[in-house]
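Shown next, in structure tokens, is the structure this report addresses.
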Number of protein chains: 2
Amino acid sequence: MPIFTNDYPAARMVTIAIIGGSGPEGRGLGLRFAIAGHAVVLGSRDAARANEAAGAVAALSPGAAVSGALNADAARAAEWVVLSVPYEGLDDTVRALAPSLDGKMVVSVVAPLAFEGGQPRAVLVPEGSAAELVQGLVPNAQVTSAFHNLSAKELLKPHERLAGDVIVCGDDAQAKADTVGLVNVIQDLRGVDGGPLSNSRIVEELTALLLYVNMRAKSRATIKLLGLD
Amino acid sequence: MPIFTNDYPAARMVTIAIIGGSGPEGRGLGLRFAIAGHAVVLGSRDAARANEAAGAVAALSPGAAVSGALNADAARAAEWVVLSVPYEGLDDTVRALAPSLDGKMVVSVVAPLAFEGGQPRAVLVPEGSAAELVQGLVPNAQVTSAFHNLSAKELLKPHERLAGDVIVCGDDAQAKADTVGLVNVIQDLRGVDGGPLSNSRIVEELTALLLYVNMRAKSRATIKLLGLD
């Protein structure tokens, strides 16, 4: 497989903002979306960090359309918005961006986690899940939930094969199908419809379990559904 | 692969009671444990149903040590006890059996599920998970949680290959290791340490998500952790 190419380019180029895009997960997803042919704006609370991240990602994929911006500017500029921020800051971040999220597809990557005695555990979210918290704050956005269980380190190695399925939850059928499509343009990954947004809790919490397994086995295991065509 | 044999026999033959053993999941697990060389007692609230189930399982694996008994007699006779009953009856069943469970390894297969408009959803358990409910009722038993995400229909076809990982949760290290071993004697399955019993909620709820996917895709998908040696 040649480096930096993709056999499954996106059918339509979309501008995607990644809120919290200067972190490893945000950079990794941004890189993969850019390789697929999308225009990516990595957002940060700090413009210098956003630009630094965009430069680093662009260096990994020459010719890709990656830029940096403040979170608010990134959200405003984008058709689709990916939320890749810690759960602790999610509520404030989404409230601040809410006017720019109206009517857009908003993909939550947020997995609420805490560490207790060095062990990861899932944090109970009063709204059910991080994704449902987001949907409650921006009722006119089409919120989906995806990409929780991927390793940022693997995403940032575009010359190595990824593995696994990305379970996508959402209540809006078109947004869910678009999110599955957004997964499928990343080579070697498969998007799987995981049901309504209320199922997002399961996928978010699975992150804690996978993290436990991976810390214990010093692995970067992902999940795959076997027996699904 | 020859039919009805197992390349990974159990290191030590154990008598295993399956409470709710006349149902499809209980029969399927009983069959697989028996093929591995364990003595299996299929328990039921009805002695005739228990005996019918034992006869049906024995017919699938000639020579296997499978018998039927009332749940209480099965639990009393066994070293290890597997709980394969609906969540609705779990509390009453465990209270009734509690004296026989003391000091034993008790494996909960229970996944609390409900259907809403034809769609499966995970039921919130006040104790966190079905397995923690059990542990609370029998504090002197070593409770683990496993086998939630397997298809009963596939378990009941001993001549076909299984696929997937069984995530095992538990707070007692020896009981968890024994449960992983109990998985590993089933050909083609792999037991994975999924952490403390409080992680059981995640595995139990994953059953609802897998059921959603499988109902939608008319599949019997199981999960596998890729990238784990």
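Every chain in the structure tokens has a letter given in the order shown (A, B, ...), and although residue numbers restart at 1 in each chain, ligands are simply numbered from 1 in the order shown.
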After fit on chain B (all C-alpha, ordered pairs), chain A as a short mmCIF file (atom, residue, chain, number, x, y, z; two decimals) with C-alpha atoms, in the first residue's frame:
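Output file selection-v6.cif is given in full below:
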data_model
loop_
_atom_site.label_atom_id
_atom_site.label_comp_id
_atom_site.auth_asym_id
_atom_site.auth_seq_id
_atom_site.Cartn_x
_atom_site.Cartn_y
_atom_site.Cartn_z
CA MET A 1 -11.53 -30.27 12.79
CA PRO A 2 -13.19 -33.47 13.96
CA ILE A 3 -16.59 -33.13 15.53
CA PHE A 4 -17.03 -33.31 19.32
CA THR A 5 -13.38 -33.14 20.22
CA ASN A 6 -11.41 -30.37 21.78
CA ASP A 7 -7.74 -29.59 21.44
CA TYR A 8 -7.67 -27.65 24.68
CA PRO A 9 -9.18 -29.90 27.33
CA ALA A 10 -9.72 -28.53 30.80
CA ALA A 11 -6.71 -29.03 33.08
CA ARG A 12 -8.97 -30.21 35.91
CA MET A 13 -12.47 -31.61 35.64
CA VAL A 14 -14.94 -29.55 37.62
CA THR A 15 -18.66 -29.98 38.26
CA ILE A 16 -20.40 -26.93 36.85
CA ALA A 17 -24.04 -26.10 37.55
CA ILE A 18 -25.84 -23.93 35.06
CA ILE A 19 -28.75 -22.19 36.73
CA GLY A 20 -31.37 -21.58 34.08
CA GLY A 21 -29.67 -24.34 32.13
CA SER A 22 -32.72 -25.38 30.17
CA GLY A 23 -32.69 -22.16 28.11
CA PRO A 24 -30.74 -21.89 24.84
CA GLU A 25 -27.77 -20.01 26.32
CA GLY A 26 -27.54 -22.38 29.27
CA ARG A 27 -27.73 -25.45 27.04
CA GLY A 28 -25.14 -24.01 24.69
CA LEU A 29 -22.65 -23.21 27.44
CA GLY A 30 -23.34 -26.57 29.11
CA LEU A 31 -22.61 -28.35 25.85
CA ARG A 32 -19.32 -26.52 25.41
CA PHE A 33 -18.20 -27.07 29.01
CA ALA A 34 -19.09 -30.76 28.72
CA ILE A 35 -17.13 -31.11 25.49
CA ALA A 36 -14.16 -29.60 27.33
CA GLY A 37 -14.35 -32.42 29.85
CA HIS A 38 -16.25 -30.83 32.71
CA ALA A 39 -19.24 -32.46 34.43
CA VAL A 40 -22.26 -30.29 33.77
CA VAL A 41 -25.53 -30.13 35.69
CA LEU A 42 -28.22 -28.20 33.86
CA GLY A 43 -30.52 -26.65 36.45
CA SER A 44 -34.12 -25.60 36.03
CA ARG A 45 -37.06 -24.66 38.21
CA ASP A 46 -38.72 -27.72 36.70
CA ALA A 47 -37.05 -31.13 37.01
CA ALA A 48 -38.66 -32.48 33.83
CA ARG A 49 -37.38 -29.53 31.79
CA ALA A 50 -33.91 -29.96 33.27
CA ASN A 51 -33.84 -33.61 32.31
CA GLU A 52 -35.14 -32.87 28.84
CA ALA A 53 -32.40 -30.26 28.35
CA ALA A 54 -29.71 -32.62 29.65
CA GLY A 55 -30.89 -35.30 27.23
CA ALA A 56 -30.83 -32.89 24.32
CA VAL A 57 -27.31 -31.69 25.16
CA ALA A 58 -26.03 -35.21 25.76
CA ALA A 59 -27.36 -36.19 22.35
CA LEU A 60 -25.16 -33.47 20.82
CA SER A 61 -22.06 -34.74 22.56
CA PRO A 62 -22.17 -38.48 23.21
CA GLY A 63 -20.17 -39.51 26.23
CA ALA A 64 -20.27 -36.08 27.82
CA ALA A 65 -21.17 -35.85 31.51
CA VAL A 66 -24.41 -33.87 31.42
CA SER A 67 -27.29 -34.27 33.83
CA GLY A 68 -30.39 -32.31 34.81
CA ALA A 69 -31.55 -31.21 38.24
CA LEU A 70 -33.61 -28.63 40.04
CA ASN A 71 -31.67 -25.34 40.28
CA ALA A 72 -31.17 -25.78 44.02
CA ASP A 73 -29.83 -29.32 43.66
CA ALA A 74 -27.60 -28.28 40.76
CA ALA A 75 -26.08 -25.41 42.75
CA ARG A 76 -25.54 -27.64 45.77
CA ALA A 77 -23.77 -30.31 43.72
CA ALA A 78 -21.43 -27.98 41.84
CA GLU A 79 -18.01 -26.47 42.45
CA TRP A 80 -18.66 -23.66 39.99
CA VAL A 81 -22.07 -22.13 39.34
CA VAL A 82 -23.03 -20.30 36.15
CA LEU A 83 -26.06 -18.00 36.30
CA SER A 84 -27.92 -17.99 33.00
CA VAL A 85 -31.33 -16.64 33.99
CA PRO A 86 -33.24 -13.56 32.85
CA TYR A 87 -32.38 -10.40 34.77
CA GLU A 88 -35.99 -10.16 35.96
CA GLY A 89 -35.66 -13.37 37.99
CA LEU A 90 -32.04 -12.93 39.03
CA ASP A 91 -32.54 -11.40 42.45
CA ASP A 92 -35.06 -14.03 43.61
CA THR A 93 -33.07 -16.89 42.13
CA VAL A 94 -29.81 -15.88 43.78
CA ARG A 95 -31.47 -15.26 47.17
CA ALA A 96 -32.98 -18.73 47.05
CA LEU A 97 -29.66 -20.36 46.15
CA ALA A 98 -27.44 -18.18 48.35
CA PRO A 99 -26.48 -20.84 50.93
CA SER A 100 -25.24 -23.11 48.12
CA LEU A 101 -23.19 -20.35 46.47
CA ASP A 102 -21.08 -19.41 49.50
CA GLY A 103 -17.38 -19.83 48.82
CA LYS A 104 -17.94 -20.90 45.22
CA MET A 105 -17.05 -19.32 41.92
CA VAL A 106 -20.26 -17.87 40.49
CA VAL A 107 -20.20 -16.75 36.86
CA SER A 108 -22.94 -14.33 35.81
CA VAL A 109 -23.96 -14.49 32.16
CA VAL A 110 -26.88 -12.15 32.78
CA ALA A 111 -27.31 -9.15 30.46
CA PRO A 112 -30.21 -6.92 31.58
CA LEU A 113 -32.14 -6.09 28.43
CA ALA A 114 -35.47 -4.62 27.53
CA PHE A 115 -37.22 -4.03 24.23
CA GLU A 116 -38.72 -0.66 23.36
CA GLY A 117 -40.59 -0.41 20.10
CA GLY A 118 -38.91 -3.62 18.99
CA GLN A 119 -35.41 -2.25 19.70
CA PRO A 120 -33.18 -3.77 22.37
CA ARG A 121 -31.85 -1.48 25.03
CA ALA A 122 -29.73 -1.97 28.12
CA VAL A 123 -31.59 -1.79 31.42
CA LEU A 124 -29.92 0.38 34.08
CA VAL A 125 -29.16 -1.76 37.13
CA PRO A 126 -29.18 0.09 40.47
CA GLU A 127 -26.20 -1.95 41.68
CA GLY A 128 -24.23 -1.04 38.55
CA SER A 129 -24.52 -4.40 36.81
CA ALA A 130 -26.20 -7.76 37.14
CA ALA A 131 -22.91 -9.22 38.32
CA GLU A 132 -22.60 -6.65 41.10
CA LEU A 133 -26.18 -7.35 42.12
CA VAL A 134 -25.20 -11.01 42.50
CA GLN A 135 -22.02 -10.20 44.44
CA GLY A 136 -24.05 -8.04 46.81
CA LEU A 137 -26.42 -10.94 47.51
CA VAL A 138 -23.66 -13.52 48.03
CA PRO A 139 -20.70 -11.60 49.46
CA ASN A 140 -18.82 -14.81 50.22
CA ALA A 141 -18.97 -16.09 46.66
CA GLN A 142 -16.29 -15.22 44.10
CA VAL A 143 -18.43 -13.61 41.42
CA THR A 144 -17.23 -13.14 37.87
CA SER A 145 -19.01 -12.04 34.74
CA ALA A 146 -18.57 -13.62 31.28
CA PHE A 147 -20.12 -15.19 28.17
CA HIS A 148 -22.61 -12.36 27.55
CA ASN A 149 -21.92 -11.80 23.91
CA LEU A 150 -22.10 -15.28 22.41
CA SER A 151 -24.87 -16.63 20.25
CA ALA A 152 -26.74 -19.52 21.86
CA LYS A 153 -27.44 -20.91 18.40
CA GLU A 154 -23.75 -20.99 17.56
CA LEU A 155 -22.87 -22.56 20.93
CA LEU A 156 -25.32 -25.35 20.14
CA LYS A 157 -23.52 -26.27 16.90
CA PRO A 158 -20.45 -28.08 18.19
CA HIS A 159 -19.29 -28.99 14.69
CA GLU A 160 -19.02 -25.34 13.60
CA ARG A 161 -16.29 -22.94 14.59
CA LEU A 162 -17.03 -20.23 17.09
CA ALA A 163 -15.40 -16.82 16.86
CA GLY A 164 -14.76 -13.95 19.19
CA ASP A 165 -13.48 -12.97 22.58
CA VAL A 166 -15.17 -13.42 25.91
CA ILE A 167 -14.50 -10.48 28.21
CA VAL A 168 -14.27 -11.57 31.83
CA CYS A 169 -14.74 -9.19 34.75
CA GLY A 170 -14.26 -9.89 38.42
CA ASP A 171 -12.72 -8.64 41.64
CA ASP A 172 -11.22 -11.97 42.76
CA ALA A 173 -8.04 -12.60 40.79
CA GLN A 174 -8.17 -16.41 41.09
CA ALA A 175 -11.84 -16.62 40.12
CA LYS A 176 -11.20 -14.32 37.17
CA ALA A 177 -8.26 -16.45 36.03
CA ASP A 178 -10.38 -19.60 36.43
CA THR A 179 -13.16 -18.02 34.38
CA VAL A 180 -10.70 -17.04 31.66
CA GLY A 181 -9.57 -20.67 31.73
CA LEU A 182 -13.17 -21.82 31.45
CA VAL A 183 -13.47 -19.72 28.29
CA ASN A 184 -10.21 -20.95 26.85
CA VAL A 185 -11.22 -24.63 27.01
CA ILE A 186 -13.95 -23.79 24.50
CA GLN A 187 -12.32 -24.18 21.13
CA ASP A 188 -11.82 -20.97 19.13
CA LEU A 189 -12.80 -18.65 21.97
CA ARG A 190 -10.41 -16.49 23.94
CA GLY A 191 -10.96 -15.16 27.43
CA VAL A 192 -9.80 -11.59 28.04
CA ASP A 193 -9.42 -9.99 31.46
CA GLY A 194 -11.84 -7.07 31.31
CA GLY A 195 -11.05 -5.68 34.74
CA PRO A 196 -13.00 -5.36 37.96
CA LEU A 197 -16.60 -6.49 38.41
CA SER A 198 -17.69 -2.86 38.04
CA ASN A 199 -16.67 -3.12 34.36
CA SER A 200 -19.31 -5.81 33.93
CA ARG A 201 -21.90 -3.12 33.22
CA ILE A 202 -20.02 -2.27 30.03
CA VAL A 203 -19.95 -5.86 28.82
CA GLU A 204 -23.56 -6.46 29.81
CA GLU A 205 -24.72 -3.34 27.98
CA LEU A 206 -22.63 -4.23 24.95
CA THR A 207 -25.04 -7.15 24.55
CA ALA A 208 -27.84 -4.69 23.76
CA LEU A 209 -25.71 -2.96 21.16
CA LEU A 210 -24.64 -6.24 19.55
CA LEU A 211 -28.25 -7.37 19.52
CA TYR A 212 -29.23 -4.15 17.76
CA VAL A 213 -26.53 -4.67 15.14
CA ASN A 214 -27.43 -8.33 14.69
CA MET A 215 -31.17 -7.71 14.41
CA ARG A 216 -30.49 -5.04 11.81
CA ALA A 217 -27.96 -7.04 9.80
CA LYS A 218 -29.61 -10.42 10.40
CA SER A 219 -26.20 -11.55 11.64
CA ARG A 220 -24.77 -13.25 14.72
CA ALA A 221 -21.78 -11.01 15.12
CA THR A 222 -19.52 -11.36 18.13
CA ILE A 223 -16.75 -9.05 19.26
CA LYS A 224 -13.02 -9.52 18.95
CA LEU A 225 -10.21 -7.40 20.30
CA LEU A 226 -7.74 -6.87 17.47
CA GLY A 227 -4.12 -6.18 18.28
CA LEU A 228 -4.06 -8.18 21.51
CA ASP A 229 -1.52 -11.00 21.65
#
Secondary structure check, alpha helix (DSSP H) residues of segment 29-216 of chain A, as a PyMOL selection string
chain A and resi 29-35+47-60+71-77+87-101+130-137+152-155+173-184+200-216
